[in-house]
$ cat entry-v6.txt   # compact mmCIF, C-alpha atoms
# COMPACT_ATOMS: atom_id res chain seq x y z
CA MET A 1 21.13 -122.27 70.52
CA GLU A 2 18.13 -119.95 70.83
CA CYS A 3 17.70 -116.94 68.56
CA GLU A 4 15.43 -114.87 70.80
CA ASP A 5 17.26 -111.65 70.27
CA SER A 6 17.35 -112.33 66.56
CA LYS A 7 20.16 -110.16 65.18
CA LYS A 8 22.53 -111.00 68.04
CA GLY A 9 21.52 -114.65 67.66
CA ILE A 10 22.39 -114.62 63.97
CA MET A 11 25.79 -113.08 64.74
CA GLU A 12 26.53 -115.76 67.33
CA ALA A 13 25.42 -118.43 64.85
CA THR A 14 27.68 -116.87 62.18
CA TYR A 15 30.62 -117.04 64.58
CA LYS A 16 29.95 -120.74 65.25
CA ALA A 17 29.48 -121.53 61.56
CA LEU A 18 32.72 -119.70 60.67
CA CYS A 19 34.64 -121.71 63.30
CA LYS A 20 33.22 -124.96 61.88
CA HIS A 21 33.27 -124.35 58.12
CA GLY A 22 35.57 -121.40 57.39
CA TYR A 23 34.60 -118.44 55.23
CA ALA A 24 34.67 -119.82 51.67
CA ASP A 25 32.27 -122.63 52.59
CA LEU A 26 30.03 -120.46 54.76
CA SER A 27 26.40 -120.28 53.65
CA ILE A 28 23.14 -118.89 55.04
CA GLU A 29 22.06 -122.55 55.21
CA LYS A 30 24.99 -123.43 57.48
CA ILE A 31 24.44 -120.40 59.69
CA SER A 32 20.77 -121.28 60.10
CA ARG A 33 21.81 -124.75 61.32
CA GLU A 34 23.52 -123.04 64.27
CA CYS A 35 20.39 -121.03 65.06
CA ASP A 36 16.89 -122.41 65.69
CA LYS A 37 14.99 -119.74 63.75
CA GLY A 38 16.01 -120.88 60.28
CA LYS A 39 16.92 -119.27 56.97
CA SER A 40 13.92 -117.00 56.51
CA LEU A 41 14.80 -114.99 59.62
CA ILE A 42 18.36 -114.51 58.36
CA TYR A 43 17.11 -113.39 54.93
CA TYR A 44 14.69 -111.06 56.71
CA HIS A 45 17.69 -109.22 58.21
CA PHE A 46 20.31 -109.64 55.49
CA ASP A 47 20.21 -109.64 51.69
CA SER A 48 23.30 -111.74 51.08
CA LYS A 49 26.30 -113.45 52.66
CA ARG A 50 28.35 -110.34 51.87
CA ASP A 51 25.82 -108.09 53.61
CA LEU A 52 25.77 -110.41 56.62
CA MET A 53 29.58 -110.39 56.80
CA GLN A 54 29.64 -106.59 56.99
CA SER A 55 27.33 -106.77 60.02
CA PHE A 56 29.35 -109.63 61.46
CA LEU A 57 32.54 -107.56 61.32
CA GLU A 58 30.71 -104.66 63.06
CA TYR A 59 29.56 -107.14 65.71
CA LEU A 60 33.16 -108.32 66.09
CA ILE A 61 34.35 -104.75 66.71
CA ASP A 62 31.78 -104.43 69.53
CA GLU A 63 32.85 -107.79 70.95
CA VAL A 64 36.53 -106.80 70.97
CA GLU A 65 35.60 -103.52 72.70
CA ARG A 66 33.60 -105.44 75.29
CA ILE A 67 36.40 -107.96 75.92
CA ILE A 68 39.00 -105.19 76.30
CA ASP A 69 36.68 -103.43 78.72
CA GLU A 70 36.23 -106.59 80.80
CA MET A 71 40.02 -107.10 80.86
CA LYS A 72 40.43 -103.90 82.84
CA ASP A 73 39.61 -105.79 86.09
CA TYR A 74 42.94 -107.64 85.80
CA ASN A 75 46.39 -106.30 86.56
CA ARG A 76 48.56 -105.13 83.66
CA GLU A 77 50.73 -108.27 83.46
CA GLU A 78 47.64 -110.47 83.30
CA GLN A 79 46.04 -108.19 80.70
CA LEU A 80 49.20 -108.45 78.60
CA ASP A 81 49.14 -112.25 78.83
CA ARG A 82 45.47 -112.42 77.88
CA LEU A 83 45.93 -110.07 74.96
CA LEU A 84 48.93 -112.02 73.63
CA ASP A 85 47.05 -115.33 74.07
CA ALA A 86 44.12 -113.89 72.10
CA GLY A 87 46.40 -112.39 69.42
CA LEU A 88 48.25 -115.69 69.02
CA ALA A 89 45.02 -117.74 69.02
CA VAL A 90 46.33 -120.01 71.76
CA ASP A 91 43.01 -121.71 72.56
CA ASP A 92 41.18 -124.13 70.22
CA GLU A 93 38.08 -122.09 69.51
CA MET A 94 40.13 -118.97 68.81
CA TRP A 95 42.36 -120.98 66.47
CA ASN A 96 39.39 -122.06 64.34
CA PHE A 97 37.99 -118.60 64.33
CA ARG A 98 41.32 -117.06 63.26
CA LYS A 99 41.49 -119.54 60.41
CA ALA A 100 38.19 -118.10 59.12
CA LEU A 101 39.35 -114.53 59.80
CA PHE A 102 42.50 -115.25 57.79
CA GLU A 103 40.32 -116.17 54.79
CA ILE A 104 38.20 -113.05 55.33
CA ARG A 105 41.38 -110.96 55.38
CA SER A 106 42.58 -112.48 52.12
CA GLN A 107 39.29 -111.32 50.54
CA ALA A 108 39.61 -107.81 51.97
CA PRO A 109 41.37 -106.33 48.90
CA TYR A 110 38.31 -107.31 46.84
CA ARG A 111 35.45 -106.53 49.30
CA GLU A 112 34.63 -102.99 50.21
CA GLY A 113 34.34 -102.37 53.95
CA PHE A 114 36.22 -105.49 55.11
CA ALA A 115 39.63 -103.82 55.41
CA GLU A 116 38.31 -100.77 57.24
CA LYS A 117 36.60 -102.97 59.84
CA LEU A 118 39.58 -105.32 60.27
CA GLY A 119 41.71 -102.19 60.71
CA ARG A 120 39.42 -100.96 63.47
CA ILE A 121 39.75 -104.26 65.34
CA GLU A 122 43.56 -104.09 65.09
CA GLY A 123 43.45 -100.43 66.13
CA LEU A 124 41.51 -101.31 69.30
CA MET A 125 43.99 -104.05 70.18
CA GLU A 126 47.00 -101.86 69.37
CA ARG A 127 45.75 -98.99 71.54
CA HIS A 128 44.97 -101.29 74.46
CA LEU A 129 48.38 -102.96 74.15
CA CYS A 130 50.04 -99.55 74.07
CA GLU A 131 48.24 -98.53 77.31
CA ILE A 132 49.31 -101.75 79.03
CA LEU A 133 52.96 -101.27 78.00
CA ARG A 134 52.88 -97.61 79.05
CA ASP A 135 51.51 -98.56 82.48
CA MET A 136 54.26 -101.19 82.76
CA GLU A 137 56.76 -98.37 82.05
CA ILE A 138 58.11 -100.07 78.93
CA ASP A 139 60.05 -97.73 76.57
CA GLY A 140 58.41 -96.84 73.23
CA PRO A 141 55.03 -98.42 74.04
CA ASP A 142 53.38 -97.16 70.83
CA ARG A 143 56.12 -98.50 68.54
CA LYS A 144 56.30 -101.80 70.40
CA ALA A 145 52.50 -102.23 70.37
CA ARG A 146 52.51 -101.69 66.59
CA VAL A 147 55.26 -104.26 66.01
CA LEU A 148 53.59 -106.76 68.38
CA ILE A 149 50.26 -106.62 66.52
CA SER A 150 52.03 -107.26 63.19
CA ALA A 151 54.27 -109.97 64.64
CA MET A 152 51.24 -111.78 66.14
CA GLU A 153 49.36 -111.51 62.85
CA GLY A 154 52.36 -112.89 60.93
CA THR A 155 53.02 -115.65 63.46
CA VAL A 156 49.42 -116.84 63.34
CA SER A 157 49.21 -116.69 59.55
CA ARG A 158 52.43 -118.72 59.21
CA ARG A 159 51.10 -121.25 61.73
CA LEU A 160 47.64 -121.37 60.15
CA SER A 161 48.92 -121.96 56.64
CA SER A 162 51.09 -124.85 57.80
CA GLY A 163 48.47 -126.18 60.26
CA ASN A 164 51.23 -126.39 62.85
CA ARG A 165 50.08 -125.27 66.32
CA LYS A 166 52.84 -127.04 68.23
CA ASP A 167 54.23 -124.95 71.10
CA ILE A 168 52.40 -121.84 69.99
CA GLY A 169 52.58 -120.69 73.63
CA LYS A 170 56.36 -120.37 73.21
CA GLU A 171 55.80 -117.69 70.56
CA LYS A 172 54.40 -115.53 73.37
CA ASP A 173 57.64 -115.80 75.35
CA LEU A 174 59.64 -115.05 72.20
CA LEU A 175 57.63 -111.88 71.49
CA LYS A 176 57.89 -110.73 75.12
CA GLU A 177 61.64 -111.28 75.11
CA VAL A 178 62.48 -109.77 71.72
CA VAL A 179 59.86 -107.04 71.25
CA ILE A 180 58.91 -105.99 74.79
CA ASN A 181 62.20 -106.48 76.62
CA GLY A 182 64.41 -105.91 73.57
CA SER A 183 66.75 -108.74 74.51
CA MET B 1 58.26 -112.84 26.14
CA GLU B 2 59.80 -115.89 24.50
CA CYS B 3 59.25 -119.38 25.84
CA GLU B 4 62.36 -121.02 24.40
CA ASP B 5 63.27 -122.83 27.54
CA SER B 6 59.68 -123.93 27.95
CA LYS B 7 59.31 -124.87 31.63
CA LYS B 8 61.24 -121.82 32.85
CA GLY B 9 59.25 -119.69 30.40
CA ILE B 10 55.96 -120.98 31.80
CA MET B 11 57.11 -120.19 35.33
CA GLU B 12 58.06 -116.64 34.36
CA ALA B 13 54.71 -116.24 32.60
CA THR B 14 52.95 -117.56 35.74
CA TYR B 15 54.77 -114.98 37.84
CA LYS B 16 53.65 -112.17 35.48
CA ALA B 17 50.08 -113.44 35.34
CA LEU B 18 49.93 -113.70 39.16
CA CYS B 19 51.16 -110.10 39.50
CA LYS B 20 48.46 -108.93 37.05
CA HIS B 21 45.46 -111.05 38.00
CA GLY B 22 46.05 -112.52 41.47
CA TYR B 23 45.63 -116.20 42.31
CA ALA B 24 41.84 -116.72 42.38
CA ASP B 25 41.48 -115.31 38.84
CA LEU B 26 44.58 -117.05 37.47
CA SER B 27 43.94 -119.40 34.56
CA ILE B 28 46.06 -121.35 32.09
CA GLU B 29 44.53 -119.04 29.46
CA LYS B 30 45.90 -115.95 31.26
CA ILE B 31 49.31 -117.53 31.75
CA SER B 32 49.51 -118.41 28.06
CA ARG B 33 48.86 -114.75 27.21
CA GLU B 34 52.16 -113.90 28.97
CA CYS B 35 54.03 -116.54 26.97
CA ASP B 36 54.18 -116.85 23.17
CA LYS B 37 53.90 -120.64 23.03
CA GLY B 38 50.23 -120.87 24.02
CA LYS B 39 48.03 -123.15 26.10
CA SER B 40 48.91 -126.48 24.54
CA LEU B 41 52.52 -126.19 25.69
CA ILE B 42 51.40 -125.46 29.25
CA TYR B 43 49.02 -128.44 29.23
CA TYR B 44 51.84 -130.56 27.84
CA HIS B 45 53.83 -129.87 31.04
CA PHE B 46 51.03 -129.53 33.62
CA ASP B 47 47.70 -131.28 34.16
CA SER B 48 45.97 -128.49 36.04
CA LYS B 49 46.34 -125.07 37.66
CA ARG B 50 46.96 -126.82 40.97
CA ASP B 51 49.73 -128.95 39.47
CA LEU B 52 51.28 -125.86 37.89
CA MET B 53 51.16 -123.99 41.23
CA GLN B 54 53.14 -126.77 42.92
CA SER B 55 55.88 -126.35 40.31
CA PHE B 56 55.63 -122.60 40.55
CA LEU B 57 56.27 -122.72 44.32
CA GLU B 58 59.30 -124.99 43.70
CA TYR B 59 60.54 -122.47 41.13
CA LEU B 60 60.06 -119.71 43.71
CA ILE B 61 62.20 -121.59 46.25
CA ASP B 62 65.01 -121.77 43.64
CA GLU B 63 64.59 -118.08 42.84
CA VAL B 64 64.81 -117.09 46.52
CA GLU B 65 67.95 -119.23 46.87
CA ARG B 66 69.46 -117.57 43.80
CA ILE B 67 68.61 -114.05 45.03
CA ILE B 68 70.08 -114.75 48.48
CA ASP B 69 73.20 -116.09 46.81
CA GLU B 70 73.55 -112.98 44.67
CA MET B 71 73.12 -110.78 47.75
CA LYS B 72 76.33 -112.13 49.19
CA ASP B 73 78.34 -109.64 47.07
CA TYR B 74 77.00 -106.79 49.21
CA ASN B 75 78.06 -105.82 52.71
CA ARG B 76 75.93 -107.01 55.65
CA GLU B 77 74.09 -103.68 56.18
CA GLU B 78 73.13 -103.55 52.52
CA GLN B 79 72.04 -107.20 52.59
CA LEU B 80 69.86 -106.44 55.61
CA ASP B 81 68.25 -103.48 53.81
CA ARG B 82 67.61 -105.50 50.68
CA LEU B 83 66.13 -108.38 52.63
CA LEU B 84 63.83 -106.08 54.62
CA ASP B 85 62.77 -104.27 51.40
CA ALA B 86 61.92 -107.61 49.82
CA GLY B 87 60.14 -108.87 52.94
CA LEU B 88 58.09 -105.68 53.18
CA ALA B 89 57.33 -105.65 49.42
CA VAL B 90 58.59 -102.08 49.10
CA ASP B 91 58.70 -102.02 45.28
CA ASP B 92 55.63 -102.08 42.98
CA GLU B 93 56.19 -105.41 41.30
CA MET B 94 56.92 -107.11 44.61
CA TRP B 95 53.75 -105.59 46.09
CA ASN B 96 51.58 -107.11 43.35
CA PHE B 97 53.32 -110.41 43.66
CA ARG B 98 52.87 -110.49 47.45
CA LYS B 99 49.17 -109.80 46.99
CA ALA B 100 48.95 -113.02 44.96
CA LEU B 101 51.17 -114.87 47.46
CA PHE B 102 48.84 -113.75 50.25
CA GLU B 103 45.93 -115.43 48.43
CA ILE B 104 48.03 -118.55 47.88
CA ARG B 105 48.84 -118.62 51.60
CA SER B 106 45.15 -118.36 52.53
CA GLN B 107 44.57 -121.49 50.42
CA ALA B 108 47.46 -123.37 52.02
CA PRO B 109 45.34 -125.05 54.75
CA TYR B 110 43.29 -126.66 51.97
CA ARG B 111 46.00 -127.49 49.37
CA GLU B 112 48.54 -130.18 50.09
CA GLY B 113 52.13 -129.10 49.49
CA PHE B 114 51.54 -125.34 49.53
CA ALA B 115 52.35 -124.85 53.24
CA GLU B 116 55.50 -126.96 53.12
CA LYS B 117 56.86 -124.93 50.18
CA LEU B 118 55.91 -121.56 51.69
CA GLY B 119 57.62 -122.73 54.88
CA ARG B 120 60.81 -123.52 52.93
CA ILE B 121 60.86 -120.01 51.45
CA GLU B 122 60.45 -118.46 54.91
CA GLY B 123 63.10 -120.81 56.26
CA LEU B 124 65.60 -119.64 53.62
CA MET B 125 64.91 -116.01 54.43
CA GLU B 126 65.03 -116.59 58.17
CA ARG B 127 68.39 -118.39 57.99
CA HIS B 128 69.91 -115.71 55.78
CA LEU B 129 68.61 -112.97 58.08
CA CYS B 130 70.04 -114.81 61.08
CA GLU B 131 73.48 -115.00 59.40
CA ILE B 132 73.40 -111.29 58.61
CA LEU B 133 72.46 -110.36 62.21
CA ARG B 134 75.14 -112.72 63.59
CA ASP B 135 77.80 -111.10 61.38
CA MET B 136 76.60 -107.70 62.58
CA GLU B 137 77.15 -108.97 66.16
CA ILE B 138 73.51 -108.44 67.11
CA ASP B 139 72.42 -110.36 70.26
CA GLY B 140 70.03 -113.30 69.80
CA PRO B 141 70.21 -113.32 65.99
CA ASP B 142 68.10 -116.49 65.65
CA ARG B 143 65.27 -115.22 67.85
CA LYS B 144 65.33 -111.80 66.21
CA ALA B 145 65.35 -113.28 62.70
CA ARG B 146 62.30 -115.36 63.59
CA VAL B 147 60.37 -112.37 64.95
CA LEU B 148 61.39 -110.22 61.97
CA ILE B 149 60.06 -112.72 59.43
CA SER B 150 56.71 -112.90 61.27
CA ALA B 151 56.54 -109.13 61.77
CA MET B 152 57.21 -108.52 58.04
CA GLU B 153 54.58 -111.08 57.07
CA GLY B 154 52.03 -109.48 59.43
CA THR B 155 52.90 -105.94 58.33
CA VAL B 156 52.49 -106.80 54.66
CA SER B 157 49.25 -108.70 55.20
CA ARG B 158 47.76 -105.79 57.19
CA ARG B 159 48.87 -103.37 54.45
CA LEU B 160 47.65 -105.61 51.64
CA SER B 161 44.21 -106.14 53.11
CA SER B 162 43.71 -102.39 53.51
CA GLY B 163 45.42 -101.52 50.20
CA ASN B 164 47.41 -98.90 52.08
CA ARG B 165 51.06 -98.75 50.98
CA LYS B 166 51.70 -95.23 52.27
CA ASP B 167 55.13 -94.87 53.93
CA ILE B 168 55.75 -98.62 53.89
CA GLY B 169 59.47 -97.77 53.95
CA LYS B 170 58.99 -96.41 57.49
CA GLU B 171 57.99 -99.89 58.65
CA LYS B 172 61.56 -100.95 57.90
CA ASP B 173 62.96 -98.32 60.28
CA LEU B 174 60.41 -99.35 62.91
CA LEU B 175 61.42 -103.02 62.69
CA LYS B 176 65.12 -102.16 62.81
CA GLU B 177 64.61 -99.97 65.87
CA VAL B 178 62.28 -102.23 67.83
CA VAL B 179 63.34 -105.76 66.85
CA ILE B 180 67.01 -105.42 65.87
CA ASN B 181 68.17 -102.67 68.23
CA GLY B 182 65.62 -103.42 70.96
CA SER B 183 64.92 -99.75 71.56

$ encode --input "entry-v6.txt" --output "structure tokens"
Amino acid sequence: MECEDSKKGIMEATYKALCKHGYADLSIEKISRECDKGKSLIYYHFDSKRDLMQSFLEYLIDEVERIIDEMKDYNREEQLDRLLDAGLAVDDEMWNFRKALFEIRSQAPYREGFAEKLGRIEGLMERHLCEILRDMEIDGPDRKARVLISAMEGTVSRRLSSGNRKDIGKEKDLLKEVVINGS
Amino acid sequence: MECEDSKKGIMEATYKALCKHGYADLSIEKISRECDKGKSLIYYHFDSKRDLMQSFLEYLIDEVERIIDEMKDYNREEQLDRLLDAGLAVDDEMWNFRKALFEIRSQAPYREGFAEKLGRIEGLMERHLCEILRDMEIDGPDRKARVLISAMEGTVSRRLSSGNRKDIGKEKDLLKEVVINGS
């Protein structure tokens, strides 16, 4: 990977390193291996792993905003499916990334700034989900969006801790049935 | 606290130490401070913190079984309330304990045996919840119990990571409305 646009390059390298190694084992060394400019460039921009993580979470907020914006070309049903797939970490890369994010979340009570940024990401997803449900004329879209975000978070954390991804797609149908259709 | 019945005493001391210090900072030293018999007794029973945690999770499974069994004296509505209060960590002690359990869960992908035991605890709660909903003649009690367990887990982990417990009782009403009554 090239690190031409250096800060963005470091963020992309951090994402890749998190997917590969998780958060506890993440190091500037490992991030630099995903990025051809090396450690000195990373230290030029960031003082520590903690400092870099704060910027990474900011970068993630922008990415989620961008992805939600791009989703708006699809119809509401497709948007709902894509959002639930993302929330349930259905694809491989997303699964590895959520594993790292799960570790980051468990550190949030002890690291200033982490919780506020994770909360903003969830807020963006919750608001978008609420808009989709409202457009689909589902009753109580705000309450249902809130429960869906929590249910997806809980489903993924239960699956992640057991390492069991089997039929994770079926969880989507379950959430649609129980939470969205109330049946 | 007295450690007459030594193994049970160590488990109770571990519970108290986890509530006070969390999992990452837990040490045999800190557990022994909650128990008047001291470190040597703990080392007599357990080789390491990891070994002790395996027994602690087994002890927790027995405790959950015992609590569910005791609940059966109450009517179904009361049982439901108690189970949701427990699942949402509404009281102070439970909140601190869930904070530690959240850390333990984040370690589960890397510690053999943790996930299987956490899964058994969730399984006990899910089955009991399903029985309660069935007795209350709620449609799809198994599917709803499954979603409720995940939604409680996700709600608590979102709250724990942000340290925000405000109005956590309202989450119970939200889950009852959206998941149980489908409205």

$ closest_atom_pairs --input "entry-v6.txt" --of "chain A" --to "chain B" --cutoff "10 Å" --atoms "only C-alpha atoms" --output "JSON lines"
{"residue": "A:Lys99", "atom": "CA", "partner": "B:Ser106", "partner_atom": "CA", "distance": 8.8}
{"residue": "A:Ala100", "atom": "CA", "partner": "B:Ser106", "partner_atom": "CA", "distance": 9.6}
{"residue": "A:Phe102", "atom": "CA", "partner": "B:Ser106", "partner_atom": "CA", "distance": 6.7}
{"residue": "A:Glu103", "atom": "CA", "partner": "B:Ser106", "partner_atom": "CA", "distance": 5.8}
{"residue": "A:Ile104", "atom": "CA", "partner": "B:Ser106", "partner_atom": "CA", "distance": 9.2}
{"residue": "A:Arg105", "atom": "CA", "partner": "B:Ser161", "partner_atom": "CA", "distance": 6.0}
{"residue": "A:Ser106", "atom": "CA", "partner": "B:Glu103", "partner_atom": "CA", "distance": 5.8}
{"residue": "A:Gln107", "atom": "CA", "partner": "B:Ser161", "partner_atom": "CA", "distance": 7.6}
{"residue": "A:Ala108", "atom": "CA", "partner": "B:Ser161", "partner_atom": "CA", "distance": 5.0}
{"residue": "A:Pro109", "atom": "CA", "partner": "B:Ser161", "partner_atom": "CA", "distance": 5.1}
{"residue": "A:Tyr110", "atom": "CA", "partner": "B:Ser161", "partner_atom": "CA", "distance": 8.7}
{"residue": "A:Arg111", "atom": "CA", "partner": "B:Ser161", "partner_atom": "CA", "distance": 9.6}
{"residue": "A:Glu112", "atom": "CA", "partner": "B:Ser162", "partner_atom": "CA", "distance": 9.7}
{"residue": "A:Gly113", "atom": "CA", "partner": "B:Ser162", "partner_atom": "CA", "distance": 9.4}
{"residue": "A:Phe114", "atom": "CA", "partner": "B:Ser161", "partner_atom": "CA", "distance": 8.3}
{"residue": "A:Ala115", "atom": "CA", "partner": "B:Ser162", "partner_atom": "CA", "distance": 4.7}
{"residue": "A:Glu116", "atom": "CA", "partner": "B:Ser162", "partner_atom": "CA", "distance": 6.8}
{"residue": "A:Lys117", "atom": "CA", "partner": "B:Ser162", "partner_atom": "CA", "distance": 9.5}
{"residue": "A:Leu118", "atom": "CA", "partner": "B:Ser162", "partner_atom": "CA", "distance": 8.4}
{"residue": "A:Gly119", "atom": "CA", "partner": "B:Ser162", "partner_atom": "CA", "distance": 7.5}
{"residue": "A:Glu122", "atom": "CA", "partner": "B:Arg158", "partner_atom": "CA", "distance": 9.1}
{"residue": "A:Asp139", "atom": "CA", "partner": "B:Ser183", "partner_atom": "CA", "distance": 7.3}
{"residue": "A:Gly140", "atom": "CA", "partner": "B:Ser183", "partner_atom": "CA", "distance": 7.3}
{"residue": "A:Arg143", "atom": "CA", "partner": "B:Leu174", "partner_atom": "CA", "distance": 7.1}
{"residue": "A:Lys144", "atom": "CA", "partner": "B:Val178", "partner_atom": "CA", "distance": 6.5}
{"residue": "A:Arg146", "atom": "CA", "partner": "B:Leu174", "partner_atom": "CA", "distance": 9.0}
{"residue": "A:Val147", "atom": "CA", "partner": "B:Ala151", "partner_atom": "CA", "distance": 6.6}
{"residue": "A:Leu148", "atom": "CA", "partner": "B:Ala151", "partner_atom": "CA", "distance": 7.6}
{"residue": "A:Ile149", "atom": "CA", "partner": "B:Gly154", "partner_atom": "CA", "distance": 7.8}
{"residue": "A:Ser150", "atom": "CA", "partner": "B:Gly154", "partner_atom": "CA", "distance": 4.4}
{"residue": "A:Ala151", "atom": "CA", "partner": "B:Ala151", "partner_atom": "CA", "distance": 3.8}
{"residue": "A:Met152", "atom": "CA", "partner": "B:Gly154", "partner_atom": "CA", "distance": 7.1}
{"residue": "A:Glu153", "atom": "CA", "partner": "B:Gly154", "partner_atom": "CA", "distance": 4.8}
{"residue": "A:Gly154", "atom": "CA", "partner": "B:Gly154", "partner_atom": "CA", "distance": 3.7}
{"residue": "A:Thr155", "atom": "CA", "partner": "B:Ser150", "partner_atom": "CA", "distance": 5.1}
{"residue": "A:Val156", "atom": "CA", "partner": "B:Ser150", "partner_atom": "CA", "distance": 8.5}
{"residue": "A:Ser157", "atom": "CA", "partner": "B:Gly154", "partner_atom": "CA", "distance": 7.7}
{"residue": "A:Arg158", "atom": "CA", "partner": "B:Ser150", "partner_atom": "CA", "distance": 7.5}
{"residue": "A:Arg159", "atom": "CA", "partner": "B:Ala115", "partner_atom": "CA", "distance": 9.3}
{"residue": "A:Leu160", "atom": "CA", "partner": "B:Pro109", "partner_atom": "CA", "distance": 6.9}
{"residue": "A:Ser161", "atom": "CA", "partner": "B:Ala108", "partner_atom": "CA", "distance": 5.0}
{"residue": "A:Ser162", "atom": "CA", "partner": "B:Ala115", "partner_atom": "CA", "distance": 4.7}
{"residue": "A:Gly163", "atom": "CA", "partner": "B:Pro109", "partner_atom": "CA", "distance": 6.4}
{"residue": "A:Asn164", "atom": "CA", "partner": "B:Ala115", "partner_atom": "CA", "distance": 9.8}
{"residue": "A:Glu171", "atom": "CA", "partner": "B:Val147", "partner_atom": "CA", "distance": 9.0}
{"residue": "A:Leu174", "atom": "CA", "partner": "B:Arg143", "partner_atom": "CA", "distance": 7.1}
{"residue": "A:Leu175", "atom": "CA", "partner": "B:Val147", "partner_atom": "CA", "distance": 7.1}
{"residue": "A:Glu177", "atom": "CA", "partner": "B:Arg143", "partner_atom": "CA", "distance": 9.0}
{"residue": "A:Val178", "atom": "CA", "partner": "B:Val179", "partner_atom": "CA", "distance": 6.4}
{"residue": "A:Val179", "atom": "CA", "partner": "B:Val179", "partner_atom": "CA", "distance": 5.8}
{"residue": "A:Ile180", "atom": "CA", "partner": "B:Gly182", "partner_atom": "CA", "distance": 8.1}
{"residue": "A:Asn181", "atom": "CA", "partner": "B:Gly182", "partner_atom": "CA", "distance": 7.3}
{"residue": "A:Gly182", "atom": "CA", "partner": "B:Gly182", "partner_atom": "CA", "distance": 3.8}
{"residue": "A:Ser183", "atom": "CA", "partner": "B:Gly182", "partner_atom": "CA", "distance": 6.5}

$ atom_distance --input "entry-v6.txt" --atom1 "CA of Ser55 in chain B" --atom2 "CA of Met71 in chain B"
24.4 Å

$ atom_distance --input "entry-v6.txt" --atom1 "CA of Lys172 in chain B" --atom2 "CA of Arg120 in chain A"
22.8 Å

$ residues_around --input "entry-v6.txt" --residues "range 33-46 of chain B" --least-positions-apart "6" --cutoff "12 Å" --atoms "only C-alpha atoms" --output "count of residues only"
28

$ atom_distance --input "entry-v6.txt" --atom1 "CA of Leu124 in chain A" --atom2 "CA of Ile61 in chain A"
8.4 Å

$ decode --input "entry-v6.txt" --residues "range 37-48 of chain A" --atoms "N, CA and C atoms" --output "PDB file, in the first residue's frame"
ATOM      1  N   LYS A  37       5.753   3.842   4.221  1.00  0.00           N
ATOM      2  CA  LYS A  37       6.577   4.971   4.688  1.00  0.00           C
ATOM      3  C   LYS A  37       7.315   4.723   6.017  1.00  0.00           C
ATOM      4  N   GLY A  38       6.948   3.677   6.711  1.00  0.00           N
ATOM      5  CA  GLY A  38       7.700   3.336   7.920  1.00  0.00           C
ATOM      6  C   GLY A  38       7.319   4.100   9.184  1.00  0.00           C
ATOM      7  N   LYS A  39       7.948   3.662  10.276  1.00  0.00           N
ATOM      8  CA  LYS A  39       7.623   4.140  11.623  1.00  0.00           C
ATOM      9  C   LYS A  39       7.821   5.636  11.855  1.00  0.00           C
ATOM     10  N   SER A  40       8.889   6.172  11.270  1.00  0.00           N
ATOM     11  CA  SER A  40       9.212   7.580  11.564  1.00  0.00           C
ATOM     12  C   SER A  40       8.073   8.505  11.136  1.00  0.00           C
ATOM     13  N   LEU A  41       7.470   8.185   9.986  1.00  0.00           N
ATOM     14  CA  LEU A  41       6.346   9.009   9.511  1.00  0.00           C
ATOM     15  C   LEU A  41       5.182   8.954  10.500  1.00  0.00           C
ATOM     16  N   ILE A  42       4.931   7.754  11.029  1.00  0.00           N
ATOM     17  CA  ILE A  42       3.813   7.606  11.979  1.00  0.00           C
ATOM     18  C   ILE A  42       4.116   8.409  13.242  1.00  0.00           C
ATOM     19  N   TYR A  43       5.359   8.290  13.742  1.00  0.00           N
ATOM     20  CA  TYR A  43       5.730   9.060  14.939  1.00  0.00           C
ATOM     21  C   TYR A  43       5.735  10.570  14.665  1.00  0.00           C
ATOM     22  N   TYR A  44       5.956  10.929  13.417  1.00  0.00           N
ATOM     23  CA  TYR A  44       5.911  12.357  13.057  1.00  0.00           C
ATOM     24  C   TYR A  44       4.492  12.904  13.294  1.00  0.00           C
ATOM     25  N   HIS A  45       3.482  12.072  12.987  1.00  0.00           N
ATOM     26  CA  HIS A  45       2.089  12.520  13.142  1.00  0.00           C
ATOM     27  C   HIS A  45       1.493  12.237  14.520  1.00  0.00           C
ATOM     28  N   PHE A  46       1.936  11.162  15.150  1.00  0.00           N
ATOM     29  CA  PHE A  46       1.300  10.738  16.413  1.00  0.00           C
ATOM     30  C   PHE A  46       2.330  10.429  17.494  1.00  0.00           C
ATOM     31  N   ASP A  47       2.019  10.851  18.734  1.00  0.00           N
ATOM     32  CA  ASP A  47       2.948  10.638  19.834  1.00  0.00           C
ATOM     33  C   ASP A  47       2.942   9.211  20.376  1.00  0.00           C
ATOM     34  N   SER A  48       1.777   8.570  20.309  1.00  0.00           N
ATOM     35  CA  SER A  48       1.649   7.252  20.935  1.00  0.00           C
ATOM     36  C   SER A  48       0.530   6.467  20.263  1.00  0.00           C
TER      37      SER A  48
END
